[in-house]
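For reference, the structure discussed in these notes is given below.
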Amino acid sequence: MSITINEHRQKITQAKRIVIKIGTSSLLYPNGKINLEAIDELAFVLTDLENQGKEVLLVSSGAIGAGLHKLQLPTRPTSIPEQQAVAAVGQAELMNIYNQRFVTYGQNIAQVLLTRDVIEYPESRQNVVNTLEQLLKMHIIPIVNENDTVAVDELDHETKFGDNDQLSAIVALLVKADVLIMLSDIDGFYDANPNKNPHATLFREVHEINPQLMEVAGGSGSRFGTGGMRSKLEAAQRLMKKHQSMVLARGKHPRIIKKILTGEAIGTLFTEK
Ligand code: GLU
């Protein structure tokens with residue numbers, strides 16, 4: 001029996017365990033300064049979801065961006081040790097800002113920094129799962145990022161997790177989340193670049209990631225969305241293979257998370273038929 005759009009969205013309203021992914025472009029203004037409004041709104045929404053009895057995990061980028069801001073560096077340094085130093089400063093700064101905001105709402109948070117080798121080794125992977133499960137049991141919101149101070153390849157965007165899109169899908173798989181809500185600087189997955197093509201149409205639902213869709217996402221000249229749409233489709237594919245779902249939506253106003261969880265047809269829902 002084929003399920004209608006509304007029934008798929010209906011499933012999202014039942015989600016208990018939710019992973020949210022937010023990228024640097026939603027956390028920092030284009031001038032490099034911290035977007036306090038977005039961070040505050042995020043802390044409010046995630047705490048409120050926790051209060052409703054949901055289990056929430058946040059995968060947050062922004063370490064390098066916050067480090068550049070803190071150290072008053074105009075551009076990202078080129079050498080790996082310098083980038084790692086900036087990430088080390090920025091990750092502390094980022095958690096400090098998150099903590100200030102979450103404390104306002106009475107919510108405890110925890111920092112979890114991961115690297116791919118940890119996830120690939122079964123025993124250490126299980127330890128990560130145990131820690132995340134324990135934090136959720138204690139009603140603490142884990143804030144996950146790649147451990148940029150040691151994950152050299154991630155900074156080069158070559159290997160390791162690749163990027164935080166992949167990391168967020170991996171976290172959602174590890175904790176068997178009901179949904180991954182990936183917040184980006186685009187409303188969802190379009191059939192063309194909406195910044196260039198006024199006729200670009202948003203896919204409301206995607207039930208299968210096939211080579212044609214990958215081509216739309218990453219074909220020549222059609223790379224849009226900061227982390228790249230292809231990477232978002234790859235993250236969705238990882239989840240759909242394990243019968244899990246993902247919603248891709250614009251993250252400028254994190255209150256959108258609430259609307260998504262009430263079943264509103266926002267963004268693109270990636271889910272099995
Ligand atoms: N881990 C990086 C940071 O926090 C970002 C990686 C990504 O967004 O893909 O700056």
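In the structure tokens, each chain is lettered A, B, ... as it comes, each chain's residues begin at 1, and ligands are numbered from 1 in order of appearance.
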
Give me, as a Markdown table, each residue of chain A that comes within 9 Å of ligand 1, together with its shortest interatomic pair and the distance in Å at one decimal, counting only C-alpha atoms and all ligand atoms, with rows ordered by chain and rising residue number.
```
| residue | atom | partner | partner_atom_place_in_ligand_line | distance |
| --- | --- | --- | --- | --- |
| A:Ile22 | CA | ligand 1 | 8 (O) | 8.2 |
| A:Gly23 | CA | ligand 1 | 8 (O) | 5.4 |
| A:Thr24 | CA | ligand 1 | 8 (O) | 6.1 |
| A:Ser25 | CA | ligand 1 | 8 (O) | 8.8 |
| A:Ser60 | CA | ligand 1 | 4 (O) | 6.6 |
| A:Ser61 | CA | ligand 1 | 4 (O) | 3.5 |
| A:Gly62 | CA | ligand 1 | 4 (O) | 4.0 |
| A:Ala63 | CA | ligand 1 | 4 (O) | 3.7 |
| A:Ile64 | CA | ligand 1 | 10 (O) | 3.9 |
| A:Gly65 | CA | ligand 1 | 10 (O) | 5.9 |
| A:Ala66 | CA | ligand 1 | 10 (O) | 7.8 |
| A:Gly67 | CA | ligand 1 | 10 (O) | 8.5 |
| A:Ala87 | CA | ligand 1 | 10 (O) | 6.6 |
| A:Gly90 | CA | ligand 1 | 10 (O) | 8.0 |
| A:Gln91 | CA | ligand 1 | 4 (O) | 7.1 |
| A:Leu94 | CA | ligand 1 | 4 (O) | 9.0 |
| A:Asn145 | CA | ligand 1 | 1 (N) | 5.7 |
| A:Glu146 | CA | ligand 1 | 1 (N) | 5.0 |
| A:Asn147 | CA | ligand 1 | 1 (N) | 7.1 |
| A:Asp148 | CA | ligand 1 | 1 (N) | 5.8 |
| A:Glu154 | CA | ligand 1 | 6 (C) | 7.1 |
| A:Leu155 | CA | ligand 1 | 2 (C) | 7.1 |
| A:His157 | CA | ligand 1 | 9 (O) | 8.0 |
| A:Phe161 | CA | ligand 1 | 9 (O) | 8.6 |
| A:Gly162 | CA | ligand 1 | 9 (O) | 7.1 |
| A:Asp163 | CA | ligand 1 | 9 (O) | 3.5 |
| A:Asn164 | CA | ligand 1 | 9 (O) | 3.8 |
| A:Asp165 | CA | ligand 1 | 9 (O) | 6.2 |
| A:Gln166 | CA | ligand 1 | 9 (O) | 8.1 |
| A:Leu167 | CA | ligand 1 | 9 (O) | 8.2 |
| A:Thr226 | CA | ligand 1 | 8 (O) | 8.7 |
| A:Gly227 | CA | ligand 1 | 9 (O) | 6.4 |
```

Could you save those same residues with C-alpha atoms as a PDB file, in the first residue's frame?
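Listed below is the output, out.pdb:
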```pdb
ATOM      1  CA  ILE A  22      23.607  22.807  12.243  1.00  0.00           C
ATOM      2  CA  GLY A  23      26.379  24.262  10.108  1.00  0.00           C
ATOM      3  CA  THR A  24      28.724  27.193  10.467  1.00  0.00           C
ATOM      4  CA  SER A  25      26.690  29.355   8.068  1.00  0.00           C
ATOM      5  CA  SER A  60      27.334  21.409  15.516  1.00  0.00           C
ATOM      6  CA  SER A  61      30.025  22.833  13.274  1.00  0.00           C
ATOM      7  CA  GLY A  62      31.481  26.249  13.918  1.00  0.00           C
ATOM      8  CA  ALA A  63      34.748  25.439  15.737  1.00  0.00           C
ATOM      9  CA  ILE A  64      36.959  26.946  13.074  1.00  0.00           C
ATOM     10  CA  GLY A  65      34.590  29.872  12.510  1.00  0.00           C
ATOM     11  CA  ALA A  66      34.368  30.702  16.207  1.00  0.00           C
ATOM     12  CA  GLY A  67      38.172  30.361  16.497  1.00  0.00           C
ATOM     13  CA  ALA A  87      39.761  24.809  15.981  1.00  0.00           C
ATOM     14  CA  GLY A  90      37.043  27.874  18.624  1.00  0.00           C
ATOM     15  CA  GLN A  91      35.592  24.629  19.977  1.00  0.00           C
ATOM     16  CA  LEU A  94      31.603  27.552  20.833  1.00  0.00           C
ATOM     17  CA  ASN A 145      31.601  17.779  16.511  1.00  0.00           C
ATOM     18  CA  GLU A 146      34.524  16.198  14.784  1.00  0.00           C
ATOM     19  CA  ASN A 147      37.662  16.446  16.904  1.00  0.00           C
ATOM     20  CA  ASP A 148      39.209  18.967  14.551  1.00  0.00           C
ATOM     21  CA  GLU A 154      38.607  16.471   7.938  1.00  0.00           C
ATOM     22  CA  LEU A 155      40.066  19.946   7.818  1.00  0.00           C
ATOM     23  CA  HIS A 157      37.987  17.700   3.430  1.00  0.00           C
ATOM     24  CA  PHE A 161      34.185  11.863   8.333  1.00  0.00           C
ATOM     25  CA  GLY A 162      34.355  13.985   5.213  1.00  0.00           C
ATOM     26  CA  ASP A 163      32.243  16.696   6.764  1.00  0.00           C
ATOM     27  CA  ASN A 164      29.665  17.241   9.468  1.00  0.00           C
ATOM     28  CA  ASP A 165      26.838  16.154   7.131  1.00  0.00           C
ATOM     29  CA  GLN A 166      28.323  12.645   7.210  1.00  0.00           C
ATOM     30  CA  LEU A 167      29.117  12.931  10.920  1.00  0.00           C
ATOM     31  CA  THR A 226      27.416  25.308   1.695  1.00  0.00           C
ATOM     32  CA  GLY A 227      28.501  21.759   2.434  1.00  0.00           C
TER      33      GLY A 227
END
```

Per residue of range 164-241 of chain A within 10 Å of range 47-59 of chain A, note the shortest atom pair and the distance in Å to one decimal, counting only C-alpha atoms, and order the rows by chain and increasing residue number, as JSON lines.
```
{"residue": "A:Asn164", "atom": "CA", "partner": "A:Val59", "partner_atom": "CA", "distance": 7.4}
{"residue": "A:Asp165", "atom": "CA", "partner": "A:Val59", "partner_atom": "CA", "distance": 8.9}
{"residue": "A:Leu167", "atom": "CA", "partner": "A:Val59", "partner_atom": "CA", "distance": 7.7}
{"residue": "A:Ser168", "atom": "CA", "partner": "A:Val59", "partner_atom": "CA", "distance": 5.8}
{"residue": "A:Ala169", "atom": "CA", "partner": "A:Val59", "partner_atom": "CA", "distance": 9.5}
{"residue": "A:Val171", "atom": "CA", "partner": "A:Val59", "partner_atom": "CA", "distance": 8.1}
{"residue": "A:Ala172", "atom": "CA", "partner": "A:Leu57", "partner_atom": "CA", "distance": 8.7}
{"residue": "A:Val175", "atom": "CA", "partner": "A:Leu57", "partner_atom": "CA", "distance": 9.4}
{"residue": "A:Ala177", "atom": "CA", "partner": "A:Glu55", "partner_atom": "CA", "distance": 8.9}
{"residue": "A:Asp178", "atom": "CA", "partner": "A:Glu55", "partner_atom": "CA", "distance": 9.9}
{"residue": "A:Leu180", "atom": "CA", "partner": "A:Leu57", "partner_atom": "CA", "distance": 9.5}
{"residue": "A:Ile181", "atom": "CA", "partner": "A:Leu58", "partner_atom": "CA", "distance": 9.7}
{"residue": "A:Met182", "atom": "CA", "partner": "A:Val59", "partner_atom": "CA", "distance": 9.2}
```

Written selection (N, CA and C atoms) as a PDB file, in the first residue's frame:
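Saved the output as selection_39.pdb:
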```pdb
ATOM      1  N   ASN A 164      30.624  17.460   8.381  1.00  0.00           N
ATOM      2  CA  ASN A 164      29.665  17.241   9.468  1.00  0.00           C
ATOM      3  C   ASN A 164      28.307  16.727   8.975  1.00  0.00           C
ATOM      4  N   ASP A 165      28.052  16.788   7.664  1.00  0.00           N
ATOM      5  CA  ASP A 165      26.838  16.154   7.131  1.00  0.00           C
ATOM      6  C   ASP A 165      26.944  14.649   7.369  1.00  0.00           C
ATOM      7  N   LEU A 167      29.044  13.172   9.473  1.00  0.00           N
ATOM      8  CA  LEU A 167      29.117  12.931  10.920  1.00  0.00           C
ATOM      9  C   LEU A 167      27.708  12.877  11.528  1.00  0.00           C
ATOM     10  N   SER A 168      26.838  13.783  11.104  1.00  0.00           N
ATOM     11  CA  SER A 168      25.491  13.808  11.702  1.00  0.00           C
ATOM     12  C   SER A 168      24.708  12.550  11.338  1.00  0.00           C
ATOM     13  N   ALA A 169      24.900  12.058  10.105  1.00  0.00           N
ATOM     14  CA  ALA A 169      24.211  10.811   9.710  1.00  0.00           C
ATOM     15  C   ALA A 169      24.769   9.650  10.528  1.00  0.00           C
ATOM     16  N   VAL A 171      26.095   9.785  13.526  1.00  0.00           N
ATOM     17  CA  VAL A 171      25.560   9.893  14.897  1.00  0.00           C
ATOM     18  C   VAL A 171      24.110   9.390  14.934  1.00  0.00           C
ATOM     19  N   ALA A 172      23.324   9.770  13.926  1.00  0.00           N
ATOM     20  CA  ALA A 172      21.919   9.325  13.880  1.00  0.00           C
ATOM     21  C   ALA A 172      21.837   7.803  13.766  1.00  0.00           C
ATOM     22  N   VAL A 175      22.867   6.115  17.306  1.00  0.00           N
ATOM     23  CA  VAL A 175      21.860   6.158  18.376  1.00  0.00           C
ATOM     24  C   VAL A 175      20.475   5.728  17.869  1.00  0.00           C
ATOM     25  N   ALA A 177      18.449   7.122  15.710  1.00  0.00           N
ATOM     26  CA  ALA A 177      17.517   8.256  15.844  1.00  0.00           C
ATOM     27  C   ALA A 177      16.304   8.051  14.951  1.00  0.00           C
ATOM     28  N   ASP A 178      15.173   8.577  15.371  1.00  0.00           N
ATOM     29  CA  ASP A 178      13.958   8.488  14.551  1.00  0.00           C
ATOM     30  C   ASP A 178      14.043   9.427  13.362  1.00  0.00           C
ATOM     31  N   LEU A 180      16.821  12.621  11.497  1.00  0.00           N
ATOM     32  CA  LEU A 180      17.909  13.602  11.483  1.00  0.00           C
ATOM     33  C   LEU A 180      17.356  14.856  10.812  1.00  0.00           C
ATOM     34  N   ILE A 181      17.401  15.973  11.528  1.00  0.00           N
ATOM     35  CA  ILE A 181      16.982  17.239  10.919  1.00  0.00           C
ATOM     36  C   ILE A 181      18.246  18.012  10.580  1.00  0.00           C
ATOM     37  N   MET A 182      18.520  18.119   9.282  1.00  0.00           N
ATOM     38  CA  MET A 182      19.740  18.772   8.843  1.00  0.00           C
ATOM     39  C   MET A 182      19.422  20.202   8.435  1.00  0.00           C
TER      40      MET A 182
END
```

Q: Please report, as a VMD selection string, each residue of range 175-237 of chain A to which DSSP assigns alpha helix (DSSP H) when run on this structure's backbone.
A: chain A and resid 211 to 218 229 to 237

**Q.** From A:Thr115, A:Gln244, A:Thr131, A:Gln237, residue lying nearest Leu173 in chain A [only C-alpha atoms]
**A.** A:Gln244

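When the distance limit is 9 Å and only C-alpha atoms are what count, the residues near Thr268 in chain A, minus those fewer than 3 positions from it on the same chain, are Asp187, Gly188, Phe189, Tyr190, Leu202, Phe203, Arg204, Glu205, Val206, Met246, Val247, Leu248, Ala249 and Ala265 of chain A.
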
Output the selection as a CSV table (one decimal), in the first residue's frame - C-alpha atoms for each residue.
```csv
chain,number,residue,atom,x,y,z
A,187,ASP,CA,15.3,25.4,1.9
A,188,GLY,CA,15.8,21.8,0.9
A,189,PHE,CA,16.8,19.8,-2.2
A,190,TYR,CA,15.8,21.4,-5.5
A,202,LEU,CA,11.8,21.9,-4.3
A,203,PHE,CA,11.5,18.1,-3.8
A,204,ARG,CA,9.1,17.7,-0.9
A,205,GLU,CA,9.9,14.0,-0.6
A,206,VAL,CA,12.6,11.7,-1.8
A,246,MET,CA,16.1,12.8,7.3
A,247,VAL,CA,14.6,16.3,6.8
A,248,LEU,CA,16.7,18.9,5.1
A,249,ALA,CA,15.6,22.5,5.8
A,265,ALA,CA,5.6,20.0,4.9
```

(Q) Quick one: residues within 10 Å of Lys258 in chain A, only C-alpha atoms, excluding same-chain residues fewer than 2 positions away - as a ChimeraX atom specification? (A) /A:13,45-46,48-49,254-256,260-264

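Our summary of the geometry notes that CA of Glu208 in chain A is positioned 23.9 Å from CA of Gly251 in chain A.
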
Q.
Among range 6-243 of chain A, which residues does DSSP mark as strand (DSSP E) when it is run on the backbone? Keep the chain and numbering as in the structure and answer as a VMD selection string.
A. chain A and resid 17 to 22 55 to 60 109 to 114 141 to 146 179 to 184 205 to 206

Using N, CA, C and O atoms, can you write the selected residues to a file as a short mmCIF file (atom, residue, chain, number, x, y, z; two decimals), in the first residue's frame?
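As written to disk, result_15.cif reads:
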```cif
data_model
loop_
_atom_site.label_atom_id
_atom_site.label_comp_id
_atom_site.auth_asym_id
_atom_site.auth_seq_id
_atom_site.Cartn_x
_atom_site.Cartn_y
_atom_site.Cartn_z
N ARG A 17 13.48 10.28 19.34
CA ARG A 17 14.93 10.56 19.39
C ARG A 17 15.33 11.34 18.13
O ARG A 17 15.19 10.83 17.01
N ILE A 18 15.85 12.53 18.34
CA ILE A 18 16.07 13.45 17.22
C ILE A 18 17.51 13.95 17.20
O ILE A 18 18.02 14.42 18.22
N VAL A 19 18.15 13.85 16.04
CA VAL A 19 19.47 14.46 15.86
C VAL A 19 19.29 15.72 15.01
O VAL A 19 18.63 15.68 13.97
N ILE A 20 19.84 16.82 15.47
CA ILE A 20 19.81 18.08 14.72
C ILE A 20 21.23 18.37 14.26
O ILE A 20 22.18 18.27 15.06
N LYS A 21 21.38 18.73 12.99
CA LYS A 21 22.71 19.14 12.51
C LYS A 21 22.64 20.61 12.11
O LYS A 21 21.75 21.02 11.36
N ILE A 22 23.56 21.39 12.63
CA ILE A 22 23.61 22.81 12.24
C ILE A 22 25.02 23.15 11.77
O ILE A 22 26.01 22.70 12.35
N GLU A 55 14.28 13.00 23.10
CA GLU A 55 15.73 12.86 23.30
C GLU A 55 16.41 13.58 22.15
O GLU A 55 16.16 13.28 20.99
N VAL A 56 17.27 14.53 22.51
CA VAL A 56 17.83 15.42 21.50
C VAL A 56 19.35 15.36 21.50
O VAL A 56 19.98 15.39 22.57
N LEU A 57 19.93 15.26 20.30
CA LEU A 57 21.39 15.36 20.14
C LEU A 57 21.65 16.43 19.10
O LEU A 57 20.91 16.54 18.11
N LEU A 58 22.70 17.23 19.31
CA LEU A 58 23.04 18.28 18.36
C LEU A 58 24.41 17.99 17.76
O LEU A 58 25.36 17.69 18.50
N VAL A 59 24.50 18.02 16.44
CA VAL A 59 25.80 17.96 15.77
C VAL A 59 26.08 19.37 15.27
O VAL A 59 25.33 19.88 14.43
N SER A 60 27.09 20.00 15.84
CA SER A 60 27.33 21.41 15.52
C SER A 60 28.72 21.62 14.93
O SER A 60 29.72 21.18 15.49
N ILE A 109 24.28 20.48 28.97
CA ILE A 109 24.81 20.00 27.69
C ILE A 109 26.13 19.28 27.93
O ILE A 109 26.73 19.43 29.00
N ALA A 110 26.58 18.52 26.91
CA ALA A 110 27.87 17.84 27.02
C ALA A 110 28.59 17.94 25.68
O ALA A 110 27.95 17.96 24.62
N GLN A 111 29.89 17.99 25.73
CA GLN A 111 30.67 18.02 24.49
C GLN A 111 31.14 16.61 24.16
O GLN A 111 31.73 15.93 24.99
N VAL A 112 30.91 16.19 22.92
CA VAL A 112 31.41 14.89 22.45
C VAL A 112 32.16 15.13 21.14
O VAL A 112 31.57 15.56 20.15
N LEU A 113 33.46 14.88 21.16
CA LEU A 113 34.27 15.08 19.96
C LEU A 113 34.68 13.73 19.40
O LEU A 113 35.21 12.88 20.12
N LEU A 114 34.42 13.52 18.13
CA LEU A 114 34.64 12.20 17.53
C LEU A 114 35.60 12.26 16.34
O LEU A 114 35.72 13.29 15.69
N ILE A 141 21.88 17.15 26.77
CA ILE A 141 21.95 17.21 25.30
C ILE A 141 23.42 17.11 24.87
O ILE A 141 24.22 18.02 25.16
N PRO A 142 23.80 16.02 24.17
CA PRO A 142 25.17 15.93 23.67
C PRO A 142 25.35 16.88 22.48
O PRO A 142 24.50 16.93 21.59
N ILE A 143 26.44 17.63 22.49
CA ILE A 143 26.77 18.48 21.34
C ILE A 143 28.03 17.89 20.70
O ILE A 143 29.10 17.87 21.31
N VAL A 144 27.85 17.36 19.51
CA VAL A 144 28.89 16.56 18.86
C VAL A 144 29.56 17.37 17.75
O VAL A 144 28.90 18.09 17.01
N ASN A 145 30.86 17.22 17.65
CA ASN A 145 31.60 17.78 16.51
C ASN A 145 32.73 16.81 16.21
O ASN A 145 33.06 15.95 17.03
N GLU A 146 33.31 16.96 15.04
CA GLU A 146 34.52 16.20 14.78
C GLU A 146 35.63 16.79 15.65
O GLU A 146 35.65 18.01 15.91
N VAL A 179 14.74 10.55 13.55
CA VAL A 179 14.91 11.46 12.42
C VAL A 179 16.17 12.32 12.62
O VAL A 179 16.53 12.64 13.76
N LEU A 180 16.82 12.62 11.50
CA LEU A 180 17.91 13.60 11.48
C LEU A 180 17.36 14.86 10.81
O LEU A 180 16.85 14.78 9.68
N ILE A 181 17.40 15.97 11.53
CA ILE A 181 16.98 17.24 10.92
C ILE A 181 18.25 18.01 10.58
O ILE A 181 18.99 18.43 11.48
N MET A 182 18.52 18.12 9.28
CA MET A 182 19.74 18.77 8.84
C MET A 182 19.42 20.20 8.43
O MET A 182 18.69 20.44 7.48
N LEU A 183 19.94 21.14 9.23
CA LEU A 183 19.68 22.56 8.95
C LEU A 183 20.80 23.11 8.08
O LEU A 183 21.98 22.93 8.39
N SER A 184 20.40 23.79 7.00
CA SER A 184 21.39 24.26 6.05
C SER A 184 21.08 25.70 5.65
O SER A 184 20.24 26.35 6.27
N GLU A 205 9.52 15.34 -1.08
CA GLU A 205 9.87 14.01 -0.55
C GLU A 205 10.78 13.29 -1.52
O GLU A 205 10.60 13.38 -2.73
N VAL A 206 11.74 12.58 -0.97
CA VAL A 206 12.60 11.73 -1.78
C VAL A 206 12.59 10.34 -1.14
O VAL A 206 12.81 10.22 0.07
#
```

**Q.** Spatial neighbours of Asn31 in chain A, max dist 12 Å, only C-alpha atoms, sep filter under 2 positions, as JSON, numbers by chain
**A.** {"A": [25, 27, 28, 29, 33, 34, 35, 65, 66, 68, 69, 72, 73, 74, 75]}

Q: Mind checking which residues fall within 8 Å of Ile80 in chain A, counting only C-alpha atoms, ignoring those fewer than 2 positions away in the same chain, and posting them as a list in words?
A: Thr78, Glu82, Gln83, Gln84, Val152 and Leu155 of chain A

Q: Could you tell me which of A:Ile186, A:Leu174, A:Ala43, A:Ala151 comes closest to Lys242 in chain A if we count only C-alpha atoms?
A: A:Leu174

Q) Got a sec: who's within 8 Å of Thr201 in chain A, counting only C-alpha atoms, leaving out chain neighbours fewer than 6 positions off, as a VMD selection string? A) chain A and resid 190 to 192 194

Generate a file of the selected residues that holds N, CA, C and O atoms, formatted as a PDB file, in the first residue's frame.
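Written out: part09.pdb:
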```
ATOM      1  N   TYR A 190      16.530  20.952  -4.285  1.00  0.00           N
ATOM      2  CA  TYR A 190      15.848  21.442  -5.492  1.00  0.00           C
ATOM      3  C   TYR A 190      16.315  20.669  -6.732  1.00  0.00           C
ATOM      4  O   TYR A 190      17.400  20.093  -6.730  1.00  0.00           O
ATOM      5  N   ASP A 191      15.493  20.749  -7.780  1.00  0.00           N
ATOM      6  CA  ASP A 191      15.886  20.090  -9.035  1.00  0.00           C
ATOM      7  C   ASP A 191      16.850  20.937  -9.865  1.00  0.00           C
ATOM      8  O   ASP A 191      17.299  20.517 -10.925  1.00  0.00           O
ATOM      9  N   ALA A 192      17.134  22.158  -9.372  1.00  0.00           N
ATOM     10  CA  ALA A 192      18.126  23.035 -10.014  1.00  0.00           C
ATOM     11  C   ALA A 192      18.551  24.046  -8.951  1.00  0.00           C
ATOM     12  O   ALA A 192      17.937  24.108  -7.883  1.00  0.00           O
ATOM     13  N   PRO A 194      18.311  27.084  -7.011  1.00  0.00           N
ATOM     14  CA  PRO A 194      17.295  28.129  -6.892  1.00  0.00           C
ATOM     15  C   PRO A 194      17.883  29.545  -6.897  1.00  0.00           C
ATOM     16  O   PRO A 194      17.164  30.503  -7.153  1.00  0.00           O
TER      17      PRO A 194
END
```

Q. Looking at A:Met95, A:Leu213, A:Leu36, A:Ile170, which one is nearest to Arg238 in chain A, with distances taken over only C-alpha atoms?
A. A:Ile170
